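Below is one structure; the comments refer to it alone.
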Amino acid sequence: MSARMDSRELAERTAAPSSSEVREAAVDYMGRADMTHSEMGQRIGYGKSSVDLWIQGRYPSGTDAYIRAAIWDYMERHRLTPRASAKGRLFETENYRQIRRLFERATQHGELVLLYGPPGTQKSFTLEHLICAQNRDKKQNAVYVYASAQMRPTVLLKRIGRELGVPIGRSLREPVLNNILAALGQCERPPAIVVDEAQHLDVACLETLRELHDRSGCGLVLAGSHNLYLCFTRPERRAHLEQWLSRIDHRDQLPGLQRDELREIAAHELGNGHPAKLSEKFVNELAKQCRVEDIFSGENSRSYLSVRRLVKLLAQYKAKKEGSHGG
Ligand SMILES: Nc1ncnc2c1ncn2[C@@H]1O[C@H](COP(=O)(O)OP(=O)(O)OP(=O)(O)O)[C@@H](O)[C@H]1O
Ligand SMILES: [Mg+2]
């Protein structure tokens, strides 16, 4: 299988902790994902008996570097809980529902979707939570990559390749692309590629993603700031991206937080097991502090409620409340 990574390359690439630490994490992981040893073996290219032996700590000492790396790498690429940056309870807001609907179009139907909105419209947080939820259901139908400013297509491909667990080595664009296509081709429904901060993608990167979509049928979710759609329609880019534009199945501009959602989240966070009763004055004050000017919304500049601000403010209120109770 050309796209399977060589065990040694994987062990060199993966900074796996000690056997006991990986074993403990693996037992926890398989328990939470309801995954059998045989299923784990299939995912990492080992037989059930190897996984059995390794879990029981019966691999001869010092010889488990490859299987340990394979299991650790797998768990890292298929997280069940979000990274520290997206930890916390997910509120099922209107933005969340909109993002989930389009995420499902991409993962289940291979569609191309753009999600954009002002900062703090729940894009990264929700996408990460959705991907973890898929992993917990053993669906593994999406990979997440972050687009950095001025990123070249080879770097983008390497990031995607890493998430898919394919060999990337020192490789040039072509071999990495082929390995990714081979990996996507092995799945009944190829996982969707979710690119966050997609406003950073230049024409070459966008065309690389289109090639992956055209040749494998994988869905694409591009999430980014307000000017994401402008990246496609700017006069100097439009001519190069005509084919891209013709493939976009959905593009949703996210609305930000609704006022009743703000109230609900605040009541939940400030309550003591039960939603707190909040006065209209307090909710107004919160809303005022969470309101942010959306400078990219065109001529009629408008404002929106930022969930990022709200989360920070509520943390401050809670800390103050706990401080006053403690003192
Ligand atoms: N649905 C949600 N439930 C609870 N908290 C949320 C939710 N969405 C976002 N948050 C909180 O708001 C913060 C900002 O959200 P997020 O990072 O998803 O915004 P973003 O749209 O990706 O912004 P940017 O465009 O700046 O990258 C998160 O770190 C999290 O604390
Ligand atoms: Mg973000």
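Chains: A, B, ... in order of the structure tokens. Residues: from 1 per chain. Ligands: from 1, in order shown.
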Mind dumping a table of every chain A residue within 8 Å of ligand 2, with the nearest atom pair and its distance in Å to one decimal, using only C-alpha atoms and all ligand atoms, sorted by chain and rising number, as a Markdown table?
| residue | atom | partner | partner_atom_place_in_ligand_line | distance |
| --- | --- | --- | --- | --- |
| A:Pro119 | CA | ligand 2 | 1 (Mg) | 6.9 |
| A:Gly120 | CA | ligand 2 | 1 (Mg) | 6.9 |
| A:Gln122 | CA | ligand 2 | 1 (Mg) | 7.1 |
| A:Lys123 | CA | ligand 2 | 1 (Mg) | 5.5 |
| A:Ser124 | CA | ligand 2 | 1 (Mg) | 4.2 |
| A:Phe125 | CA | ligand 2 | 1 (Mg) | 7.1 |
| A:Asp196 | CA | ligand 2 | 1 (Mg) | 6.7 |
| A:Glu197 | CA | ligand 2 | 1 (Mg) | 6.4 |
| A:Ala223 | CA | ligand 2 | 1 (Mg) | 7.9 |
| A:Gly224 | CA | ligand 2 | 1 (Mg) | 7.0 |
| A:Ser225 | CA | ligand 2 | 1 (Mg) | 7.9 |
Just-selected residues, C-alpha atoms written as a PDB file, in the first residue's frame:
ATOM      1  CA  PRO A 119     -13.674  37.018  14.672  1.00  0.00           C
ATOM      2  CA  GLY A 120     -15.261  35.007  17.460  1.00  0.00           C
ATOM      3  CA  GLN A 122     -17.405  30.139  16.787  1.00  0.00           C
ATOM      4  CA  LYS A 123     -15.738  28.727  13.663  1.00  0.00           C
ATOM      5  CA  SER A 124     -12.576  27.102  15.059  1.00  0.00           C
ATOM      6  CA  PHE A 125     -14.169  26.049  18.332  1.00  0.00           C
ATOM      7  CA  ASP A 196      -9.177  26.985   9.154  1.00  0.00           C
ATOM      8  CA  GLU A 197      -7.983  30.573   8.631  1.00  0.00           C
ATOM      9  CA  ALA A 223     -13.409  28.559   7.345  1.00  0.00           C
ATOM     10  CA  GLY A 224     -12.076  32.031   7.692  1.00  0.00           C
ATOM     11  CA  SER A 225     -12.508  35.634   8.508  1.00  0.00           C
TER      12      SER A 225
END
What do you get as an mmCIF file with C-alpha atoms, in the first residue's frame if you pick all residues at most 8 Å from ligand 1, counting only C-alpha atoms and all ligand atoms?
data_model
loop_
_atom_site.group_PDB
_atom_site.id
_atom_site.type_symbol
_atom_site.label_atom_id
_atom_site.label_comp_id
_atom_site.auth_asym_id
_atom_site.auth_seq_id
_atom_site.Cartn_x
_atom_site.Cartn_y
_atom_site.Cartn_z
ATOM 1 C CA SER A 85 -7.331 26.199 22.756
ATOM 2 C CA ALA A 86 -10.842 24.797 22.195
ATOM 3 C CA LYS A 87 -11.508 23.230 25.586
ATOM 4 C CA GLY A 88 -14.756 24.064 27.275
ATOM 5 C CA ARG A 89 -18.417 23.370 26.978
ATOM 6 C CA LEU A 90 -19.957 23.750 23.533
ATOM 7 C CA PHE A 91 -23.197 25.710 23.403
ATOM 8 C CA GLU A 92 -25.523 24.729 20.594
ATOM 9 C CA THR A 93 -26.060 28.183 19.184
ATOM 10 C CA ASN A 95 -23.842 29.568 14.528
ATOM 11 C CA TYR A 96 -23.063 26.072 15.748
ATOM 12 C CA TYR A 116 -16.912 33.001 7.175
ATOM 13 C CA GLY A 117 -17.680 35.698 9.626
ATOM 14 C CA PRO A 118 -16.129 38.167 11.997
ATOM 15 C CA PRO A 119 -13.674 37.018 14.672
ATOM 16 C CA GLY A 120 -15.261 35.007 17.460
ATOM 17 C CA THR A 121 -18.152 33.622 15.410
ATOM 18 C CA GLN A 122 -17.405 30.139 16.787
ATOM 19 C CA LYS A 123 -15.738 28.727 13.663
ATOM 20 C CA SER A 124 -12.576 27.102 15.059
ATOM 21 C CA PHE A 125 -14.169 26.049 18.332
ATOM 22 C CA THR A 126 -17.181 24.418 16.708
ATOM 23 C CA LEU A 127 -15.206 22.713 13.942
ATOM 24 C CA ASP A 196 -9.177 26.985 9.154
ATOM 25 C CA GLU A 197 -7.983 30.573 8.631
ATOM 26 C CA GLY A 224 -12.076 32.031 7.692
ATOM 27 C CA SER A 225 -12.508 35.634 8.508
ATOM 28 C CA HIS A 226 -14.839 37.990 6.827
ATOM 29 C CA ILE A 265 -25.082 30.981 28.081
ATOM 30 C CA SER A 306 -18.829 38.156 20.133
ATOM 31 C CA VAL A 307 -18.908 34.833 21.948
ATOM 32 C CA ARG A 308 -15.166 35.179 22.559
ATOM 33 C CA ARG A 309 -15.802 38.349 24.577
ATOM 34 C CA LEU A 310 -18.700 36.740 26.380
ATOM 35 C CA VAL A 311 -16.663 33.714 27.454
ATOM 36 C CA LYS A 312 -13.913 35.980 28.796
#
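Each of A:Gln108, A:Gln98, A:Glu39, A:Gly165 was compared to A:Trp72 using only C-alpha atoms, and A:Gly165 turns out to be the nearest.
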Practice problem: Any chance you could list, as a list in words, the residues in stretch 59-287 of chain A that come up strand (DSSP E) when DSSP is run on the backbone? | Solution: Leu112, Val113, Leu114, Leu115, Tyr116, Ala142, Val143, Tyr144, Val145, Tyr146, Ala192, Ile193, Val194, Val195, Asp196, Leu220, Val221, Leu222, Ala223, Gly224, His250, Arg251, Asp252 and Gln253 of chain A
Practice problem: Determine which residues of stretch 111-250 of chain A receive a DSSP assignment of alpha helix (DSSP H), computed from the backbone, and state them as a VMD selection string. | Solution: chain A and resid 123 to 136 153 to 164 173 to 185 203 to 216 228 to 233 235 to 238 242 to 247
Could you write out the selected residues, including C-alpha atoms, as a PDB file, in the first residue's frame?
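Output saved as out00.pdb:
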ATOM      1  CA  LYS A 123     -15.738  28.727  13.663  1.00  0.00           C
ATOM      2  CA  SER A 124     -12.576  27.102  15.059  1.00  0.00           C
ATOM      3  CA  PHE A 125     -14.169  26.049  18.332  1.00  0.00           C
ATOM      4  CA  THR A 126     -17.181  24.418  16.708  1.00  0.00           C
ATOM      5  CA  LEU A 127     -15.206  22.713  13.942  1.00  0.00           C
ATOM      6  CA  GLU A 128     -12.795  21.216  16.415  1.00  0.00           C
ATOM      7  CA  HIS A 129     -15.658  19.964  18.595  1.00  0.00           C
ATOM      8  CA  LEU A 130     -17.439  18.496  15.561  1.00  0.00           C
ATOM      9  CA  ILE A 131     -14.320  16.632  14.466  1.00  0.00           C
ATOM     10  CA  CYS A 132     -13.747  15.219  17.956  1.00  0.00           C
ATOM     11  CA  ALA A 133     -17.384  14.089  18.088  1.00  0.00           C
ATOM     12  CA  GLN A 134     -16.897  12.265  14.766  1.00  0.00           C
ATOM     13  CA  ASN A 135     -13.783  10.579  16.129  1.00  0.00           C
ATOM     14  CA  ARG A 136     -15.656   9.456  19.236  1.00  0.00           C
ATOM     15  CA  PRO A 153       1.132  24.600  -1.399  1.00  0.00           C
ATOM     16  CA  THR A 154       3.795  22.059  -0.392  1.00  0.00           C
ATOM     17  CA  VAL A 155       3.463  23.077   3.255  1.00  0.00           C
ATOM     18  CA  LEU A 156      -0.317  22.842   3.030  1.00  0.00           C
ATOM     19  CA  LEU A 157      -0.015  19.380   1.475  1.00  0.00           C
ATOM     20  CA  LYS A 158       2.385  18.278   4.180  1.00  0.00           C
ATOM     21  CA  ARG A 159      -0.014  19.409   6.883  1.00  0.00           C
ATOM     22  CA  ILE A 160      -2.849  17.481   5.236  1.00  0.00           C
ATOM     23  CA  GLY A 161      -0.568  14.469   4.747  1.00  0.00           C
ATOM     24  CA  ARG A 162       0.418  14.525   8.390  1.00  0.00           C
ATOM     25  CA  GLU A 163      -3.214  14.488   9.487  1.00  0.00           C
ATOM     26  CA  LEU A 164      -3.922  11.583   7.156  1.00  0.00           C
ATOM     27  CA  ARG A 173       4.848  18.423  -3.933  1.00  0.00           C
ATOM     28  CA  GLU A 174       4.145  15.592  -6.375  1.00  0.00           C
ATOM     29  CA  PRO A 175       4.935  12.561  -4.175  1.00  0.00           C
ATOM     30  CA  VAL A 176       3.084  14.065  -1.204  1.00  0.00           C
ATOM     31  CA  LEU A 177       0.076  14.809  -3.399  1.00  0.00           C
ATOM     32  CA  ASN A 178       0.098  11.246  -4.723  1.00  0.00           C
ATOM     33  CA  ASN A 179       0.359   9.778  -1.234  1.00  0.00           C
ATOM     34  CA  ILE A 180      -2.575  11.900  -0.079  1.00  0.00           C
ATOM     35  CA  LEU A 181      -4.643  10.857  -3.091  1.00  0.00           C
ATOM     36  CA  ALA A 182      -3.772   7.208  -2.468  1.00  0.00           C
ATOM     37  CA  ALA A 183      -4.851   7.552   1.191  1.00  0.00           C
ATOM     38  CA  LEU A 184      -8.090   9.315   0.251  1.00  0.00           C
ATOM     39  CA  GLY A 185      -8.753   6.695  -2.418  1.00  0.00           C
ATOM     40  CA  VAL A 203      -4.376  30.976  -5.566  1.00  0.00           C
ATOM     41  CA  ALA A 204      -1.800  28.152  -5.734  1.00  0.00           C
ATOM     42  CA  CYS A 205      -2.988  26.680  -2.416  1.00  0.00           C
ATOM     43  CA  LEU A 206      -6.638  26.991  -3.390  1.00  0.00           C
ATOM     44  CA  GLU A 207      -5.946  25.265  -6.696  1.00  0.00           C
ATOM     45  CA  THR A 208      -4.134  22.465  -4.860  1.00  0.00           C
ATOM     46  CA  LEU A 209      -7.203  21.915  -2.692  1.00  0.00           C
ATOM     47  CA  ARG A 210      -9.431  21.932  -5.750  1.00  0.00           C
ATOM     48  CA  GLU A 211      -7.221  19.280  -7.317  1.00  0.00           C
ATOM     49  CA  LEU A 212      -7.596  17.082  -4.206  1.00  0.00           C
ATOM     50  CA  HIS A 213     -11.357  17.534  -4.354  1.00  0.00           C
ATOM     51  CA  ASP A 214     -11.591  16.878  -8.097  1.00  0.00           C
ATOM     52  CA  ARG A 215      -9.393  13.795  -8.020  1.00  0.00           C
ATOM     53  CA  SER A 216     -10.658  12.160  -4.820  1.00  0.00           C
ATOM     54  CA  LEU A 228     -12.568  34.853   2.909  1.00  0.00           C
ATOM     55  CA  TYR A 229     -15.135  35.220   0.152  1.00  0.00           C
ATOM     56  CA  LEU A 230     -13.382  38.317  -1.129  1.00  0.00           C
ATOM     57  CA  CYS A 231     -10.325  36.106  -1.667  1.00  0.00           C
ATOM     58  CA  PHE A 232     -12.269  34.477  -4.474  1.00  0.00           C
ATOM     59  CA  THR A 233     -13.885  37.490  -6.003  1.00  0.00           C
ATOM     60  CA  PRO A 235     -10.618  41.119  -9.666  1.00  0.00           C
ATOM     61  CA  GLU A 236      -6.979  40.014  -9.784  1.00  0.00           C
ATOM     62  CA  ARG A 237      -7.912  36.563  -8.424  1.00  0.00           C
ATOM     63  CA  ARG A 238     -11.278  35.970  -9.974  1.00  0.00           C
ATOM     64  CA  GLU A 242     -13.362  30.738 -12.001  1.00  0.00           C
ATOM     65  CA  GLN A 243     -13.398  26.927 -11.658  1.00  0.00           C
ATOM     66  CA  TRP A 244     -13.276  27.182  -7.870  1.00  0.00           C
ATOM     67  CA  LEU A 245     -16.209  29.550  -7.788  1.00  0.00           C
ATOM     68  CA  SER A 246     -18.235  27.216  -9.977  1.00  0.00           C
ATOM     69  CA  ARG A 247     -17.711  24.380  -7.468  1.00  0.00           C
TER      70      ARG A 247
END
